[in-house]
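Raw structure-v1.txt, compact mmCIF, C-alpha atoms:
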# COMPACT_ATOMS: atom_id res chain seq x y z
CA MET A 1 120.24 -66.59 40.02
CA ILE A 2 123.51 -64.63 40.32
CA GLY A 3 124.36 -65.46 36.70
CA GLY A 4 121.09 -63.92 35.48
CA TRP A 5 121.65 -60.78 37.54
CA LEU A 6 125.19 -60.39 36.16
CA ARG A 7 123.93 -60.83 32.61
CA ARG A 8 121.18 -58.20 33.07
CA ASN A 9 123.54 -55.68 34.77
CA GLY A 10 126.78 -56.51 32.97
CA LEU A 11 126.84 -53.31 30.87
CA ALA A 12 126.19 -51.12 33.92
CA LEU A 13 128.89 -52.90 35.95
CA ALA A 14 131.39 -52.51 33.11
CA ALA A 15 130.58 -48.79 32.94
CA VAL A 16 131.17 -48.44 36.68
CA VAL A 17 134.48 -50.31 36.46
CA VAL A 18 135.67 -47.94 33.71
CA LEU A 19 134.06 -44.63 34.72
CA VAL A 20 134.84 -44.55 38.47
CA PRO A 21 138.67 -44.77 38.08
CA LEU A 22 138.51 -42.39 35.11
CA THR A 23 136.52 -39.82 37.12
CA VAL A 24 138.85 -40.10 40.11
CA GLY A 25 141.89 -39.77 37.84
CA ILE A 26 140.59 -36.67 36.08
CA THR A 27 139.59 -35.01 39.37
CA PHE A 28 142.95 -35.63 41.03
CA SER A 29 144.95 -34.63 37.95
CA ASN A 30 143.19 -31.25 37.87
CA GLU A 31 143.93 -30.73 41.57
CA TRP A 32 147.55 -31.85 41.12
CA ILE A 33 148.09 -29.45 38.21
CA SER A 34 146.70 -26.49 40.15
CA TYR A 35 148.77 -27.49 43.21
CA TYR A 36 151.99 -27.27 41.19
CA ALA A 37 150.89 -24.07 39.45
CA GLU A 38 150.44 -22.31 42.80
CA ARG A 39 153.63 -23.37 44.59
CA PRO A 40 157.19 -22.19 43.99
CA SER A 41 158.59 -24.94 41.80
CA GLN A 42 160.48 -23.19 38.96
CA PRO A 43 163.53 -21.30 40.23
CA VAL A 44 165.08 -18.46 38.26
CA VAL A 45 168.67 -18.74 39.49
CA VAL A 46 170.58 -15.48 39.94
CA GLY A 47 174.32 -15.60 40.62
CA ALA A 48 175.99 -13.84 43.55
CA GLY A 49 176.13 -10.08 43.02
CA ALA A 50 173.97 -10.17 39.88
CA ALA A 51 170.70 -8.28 39.47
CA ALA A 52 167.49 -9.74 38.09
CA ASP A 53 164.41 -8.20 36.52
CA PHE A 54 161.42 -10.13 37.85
CA ALA A 55 157.75 -9.15 38.18
CA GLY A 56 158.49 -5.74 36.65
CA THR A 57 161.03 -4.98 39.38
CA GLY A 58 164.80 -5.08 39.70
CA TRP A 59 166.14 -7.24 42.55
CA ARG A 60 169.73 -7.54 43.80
CA ILE A 61 171.44 -8.86 46.92
CA GLU A 62 173.44 -5.88 48.22
CA GLY A 63 175.04 -7.82 51.02
CA SER A 64 174.68 -10.52 53.61
CA ARG A 65 176.35 -11.38 56.87
CA ARG A 66 176.21 -14.02 59.57
CA ILE A 67 176.22 -13.24 63.27
CA ALA A 68 177.04 -16.11 65.63
CA ALA A 69 175.02 -16.43 68.83
CA ASP A 70 178.23 -16.70 70.87
CA SER A 71 179.63 -13.41 69.51
CA ALA A 72 179.19 -10.09 71.31
CA GLU A 73 176.76 -8.89 68.65
CA GLY A 74 174.85 -12.19 68.85
CA ALA A 75 174.58 -11.87 72.64
CA ASP A 76 173.33 -8.28 72.27
CA ALA A 77 170.68 -9.51 69.81
CA SER A 78 169.58 -12.25 72.27
CA LEU A 79 170.13 -15.02 69.74
CA PRO A 80 169.33 -18.53 70.95
CA ALA A 81 172.34 -20.68 71.85
CA GLY A 82 173.57 -22.81 68.95
CA SER A 83 172.24 -20.45 66.30
CA GLN A 84 173.37 -17.73 63.97
CA LEU A 85 171.56 -14.75 62.48
CA VAL A 86 171.79 -14.24 58.73
CA VAL A 87 171.07 -10.66 57.65
CA VAL A 88 170.38 -10.24 53.92
CA THR A 89 170.10 -6.77 52.37
CA VAL A 90 168.08 -6.66 49.14
CA GLY A 91 167.99 -3.71 46.74
CA VAL A 92 164.60 -3.23 45.06
CA THR A 93 163.92 -1.07 42.02
CA PRO A 94 160.21 -0.99 41.10
CA ARG A 95 159.77 -0.44 37.34
CA GLU A 96 156.25 -1.53 36.43
CA LEU A 97 153.43 -0.66 38.82
CA ASP A 98 150.08 -2.44 38.84
CA ASP A 99 146.71 -0.80 38.12
CA GLU A 100 146.55 0.52 41.68
CA GLY A 101 149.99 2.12 41.45
CA THR A 102 151.76 -0.35 43.74
CA SER A 103 154.92 -2.35 43.25
CA PRO A 104 155.02 -6.14 43.74
CA PHE A 105 154.91 -7.57 47.25
CA CYS A 106 157.29 -10.44 47.90
CA GLU A 107 157.88 -13.13 50.47
CA VAL A 108 161.37 -14.41 51.22
CA ARG A 109 162.86 -17.60 52.63
CA LEU A 110 166.46 -18.61 53.10
CA GLN A 111 167.51 -22.05 51.93
CA GLU A 112 170.61 -24.13 51.51
CA ALA A 113 172.00 -23.96 47.97
CA GLY A 114 172.02 -27.09 45.85
CA GLY A 115 169.60 -29.06 48.01
CA GLY A 116 166.72 -29.04 45.53
CA GLU A 117 163.32 -29.98 46.95
CA LEU A 118 164.94 -31.41 50.09
CA ALA A 119 166.98 -28.33 50.99
CA ARG A 120 166.47 -26.99 54.48
CA SER A 121 164.87 -23.55 54.52
CA TRP A 122 164.06 -20.90 57.10
CA GLY A 123 161.39 -18.21 57.26
CA ASP A 124 161.91 -14.54 57.98
CA ALA A 125 162.70 -13.98 61.67
CA SER A 126 161.41 -10.39 61.85
CA PHE A 127 158.79 -11.40 64.40
CA GLU A 128 161.02 -13.73 66.43
CA PRO A 129 161.98 -12.71 69.99
CA ILE A 130 165.42 -11.44 68.98
CA ASP A 131 166.73 -7.97 69.63
CA TYR A 132 168.47 -7.14 66.36
CA ARG A 133 167.92 -3.64 64.96
CA VAL A 134 167.58 -3.26 61.19
CA SER A 135 169.53 -0.38 59.63
CA GLU A 136 167.59 2.91 59.68
CA GLU A 137 168.14 3.28 55.90
CA ALA A 138 166.41 -0.05 55.19
CA GLU A 139 162.87 -1.37 55.38
CA THR A 140 162.19 -4.42 57.53
CA ALA A 141 160.50 -6.32 54.68
CA CYS A 142 159.51 -6.19 51.05
CA THR A 143 156.69 -3.67 50.61
CA SER A 144 154.27 -2.82 47.81
CA GLU A 145 153.73 0.72 49.10
CA LEU A 146 157.09 2.07 47.90
CA THR A 147 157.31 2.89 44.20
CA THR A 148 160.84 4.30 44.20
CA PRO A 149 164.06 2.29 44.75
CA TYR A 150 164.52 1.04 48.32
CA ARG A 151 166.37 -1.56 50.37
CA PHE A 152 165.08 -4.08 52.87
CA GLU A 153 166.82 -6.33 55.34
CA ALA A 154 165.57 -9.87 55.87
CA LEU A 155 166.55 -11.69 59.06
CA PHE A 156 166.89 -15.45 59.43
CA VAL A 157 167.83 -17.46 62.53
CA ILE A 158 169.48 -20.70 61.44
CA PRO A 159 171.43 -23.48 63.22
CA ALA A 160 175.07 -22.62 63.96
CA GLU A 161 176.35 -25.71 62.12
CA VAL A 162 175.01 -24.51 58.76
CA ASP A 163 178.10 -23.53 56.78
CA THR A 164 176.90 -24.28 53.25
CA ALA A 165 176.16 -21.71 50.57
CA LEU A 166 172.76 -20.07 50.97
CA VAL A 167 170.13 -18.80 48.56
CA LEU A 168 167.43 -16.20 49.16
CA ARG A 169 164.17 -17.52 47.70
CA LEU A 170 162.04 -14.55 46.67
CA GLU A 171 158.42 -15.20 45.68
CA VAL A 172 155.90 -12.86 44.07
CA VAL A 173 152.44 -14.46 44.04
CA GLU A 174 151.56 -13.26 40.54
CA GLU A 175 154.68 -14.97 39.13
CA LEU A 176 154.21 -18.43 40.70
CA PRO A 177 155.30 -21.13 40.03
CA ARG A 178 158.43 -19.13 39.06
CA TYR A 179 160.51 -17.59 41.84
CA LEU A 180 163.91 -15.96 42.19
CA ALA A 181 166.77 -17.93 43.75
CA LEU A 182 169.29 -15.21 44.62
CA THR A 183 172.69 -16.65 45.57
CA LEU A 184 174.30 -14.95 48.60

Go ahead and render the structure in this file as structure tokens.
Amino acid sequence: MIGGWLRRNGLALAAVVVLVPLTVGITFSNEWISYYAERPSQPVVVGAGAAADFAGTGWRIEGSRRIAADSAEGADASLPAGSQLVVVTVGVTPRELDDEGTSPFCEVRLQEAGGGELARSWGDASFEPIDYRVSEEAETACTSELTTPYRFEALFVIPAEVDTALVLRLEVVEELPRYLALTL
């Protein structure tokens, strides 16, 4: 009885055995491709002190400094014990504006240099409960509203034991998966 059923439905069963894995494979490959296309995975490495033209804008690290939590300035900024504040000043020169007359908006992260995909990274600490005052001549973040050259200061609270070289990862959504890796 089972042999007759297998004979009558053999072609359909063979189609299922072939088509189900093929369908799953195609579906997941499309999702995987779009996942990698929308995440920062292709760094454009920029050496310390060098400028880069990216997303129709000039970008350059103008300076960076570390403030230890146990220093007088760190205490004044209310840094958590066992941490340090990294202040990165970025010079921005918008060159190509979009159809609405705005310059590119960017997001920044700080990461350890040379760590690849496994490098530790830290987000901007502008909204953290620290009491550090950004320079009056600088913006507190990258902005698309300014169309003339400006500077912004990005703040990062990192563990005190981090003494490796650092890289500012600068992402512009329209340029993903490419991003700038600006060496401090």

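From CA of Val157 in chain A back to CA of Gln42 in chain A, the distance works out to 25.3 Å.
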
**OP:** For each of A:Leu79, A:Ile61, A:Ala125, A:Leu19, take the minimum atom-to-atom distance to Leu170 in chain A, counting only C-alpha atoms, then give the residue where this is smallest.
**Re:** A:Ile61

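Each of A:Glu171, A:Ala165, A:Thr148, A:Gly63 was checked against Gly114 in chain A using only C-alpha atoms; the smallest atom-to-atom distance is that of A:Ala165.
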
Subject >> Residues near Cys142 in chain A, cut-off 7 Å, only C-alpha atoms, skip fewer than 2 positions along chain, as a ChimeraX atom specification >> reply: /A:105-106,152

**OP:** Give me the residues within 12 Å of Ser71 in chain A as a VMD selection string, counting all atoms listed in the file and dropping any in the same chain fewer than 4 places off.
**Re:** chain A and resid 66 to 67 75 to 85 160

Subject >> Within 6 Å of Val92 in chain A using only C-alpha atoms, minus same-chain residues under 4 positions, as JSON, numbers by chain >> reply: {"A": [58, 59, 149, 150, 151]}

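Taking all atoms listed in the file into account, Thr140 in chain A lies nearest to A:Phe127 out of the set A:Trp122, A:Phe127, A:Tyr179, A:Trp5.
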
Original post:
Looking at all atoms listed in the file, which of A:Ala154, A:Val17, A:Ala51, A:Leu182 is the one that sits closest to Glu139 in chain A?
Top reply: A:Ala154

Would you compute the box with edges along x, y and z of the file around range 13-26 of chain A, including every atom the file lists for it and 6 Å extra on each side, and give its centre and edge lengths in Å to one decimal, as JSON?
{"center_x": 135.4, "center_y": -44.8, "center_z": 36.5, "size_x": 25.0, "size_y": 28.2, "size_z": 19.2}

**OP:** May I have the residues within 12 Å of Gly56 in chain A as an MDAnalysis selection string, using all atoms listed in the file and disregarding those fewer than 5 positions away in the same chain?
**Re:** chainID A and resid 92:98 102:105 147 172 174:175

Original post:
Which one of A:Pro159, A:Pro21, A:Pro40, A:Gly115 sits closest to Arg178 in chain A if you count all atoms listed in the file?
Top reply: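 Using all atoms listed in the file, the shortest distance to Arg178 in chain A belongs to A:Pro40.
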
Subject >> Test item: residues at most 7 Å from Glu112 in chain A, all atoms listed in the file, excluding those fewer than 3 positions along its chain, as a count of residues only >> reply: 8
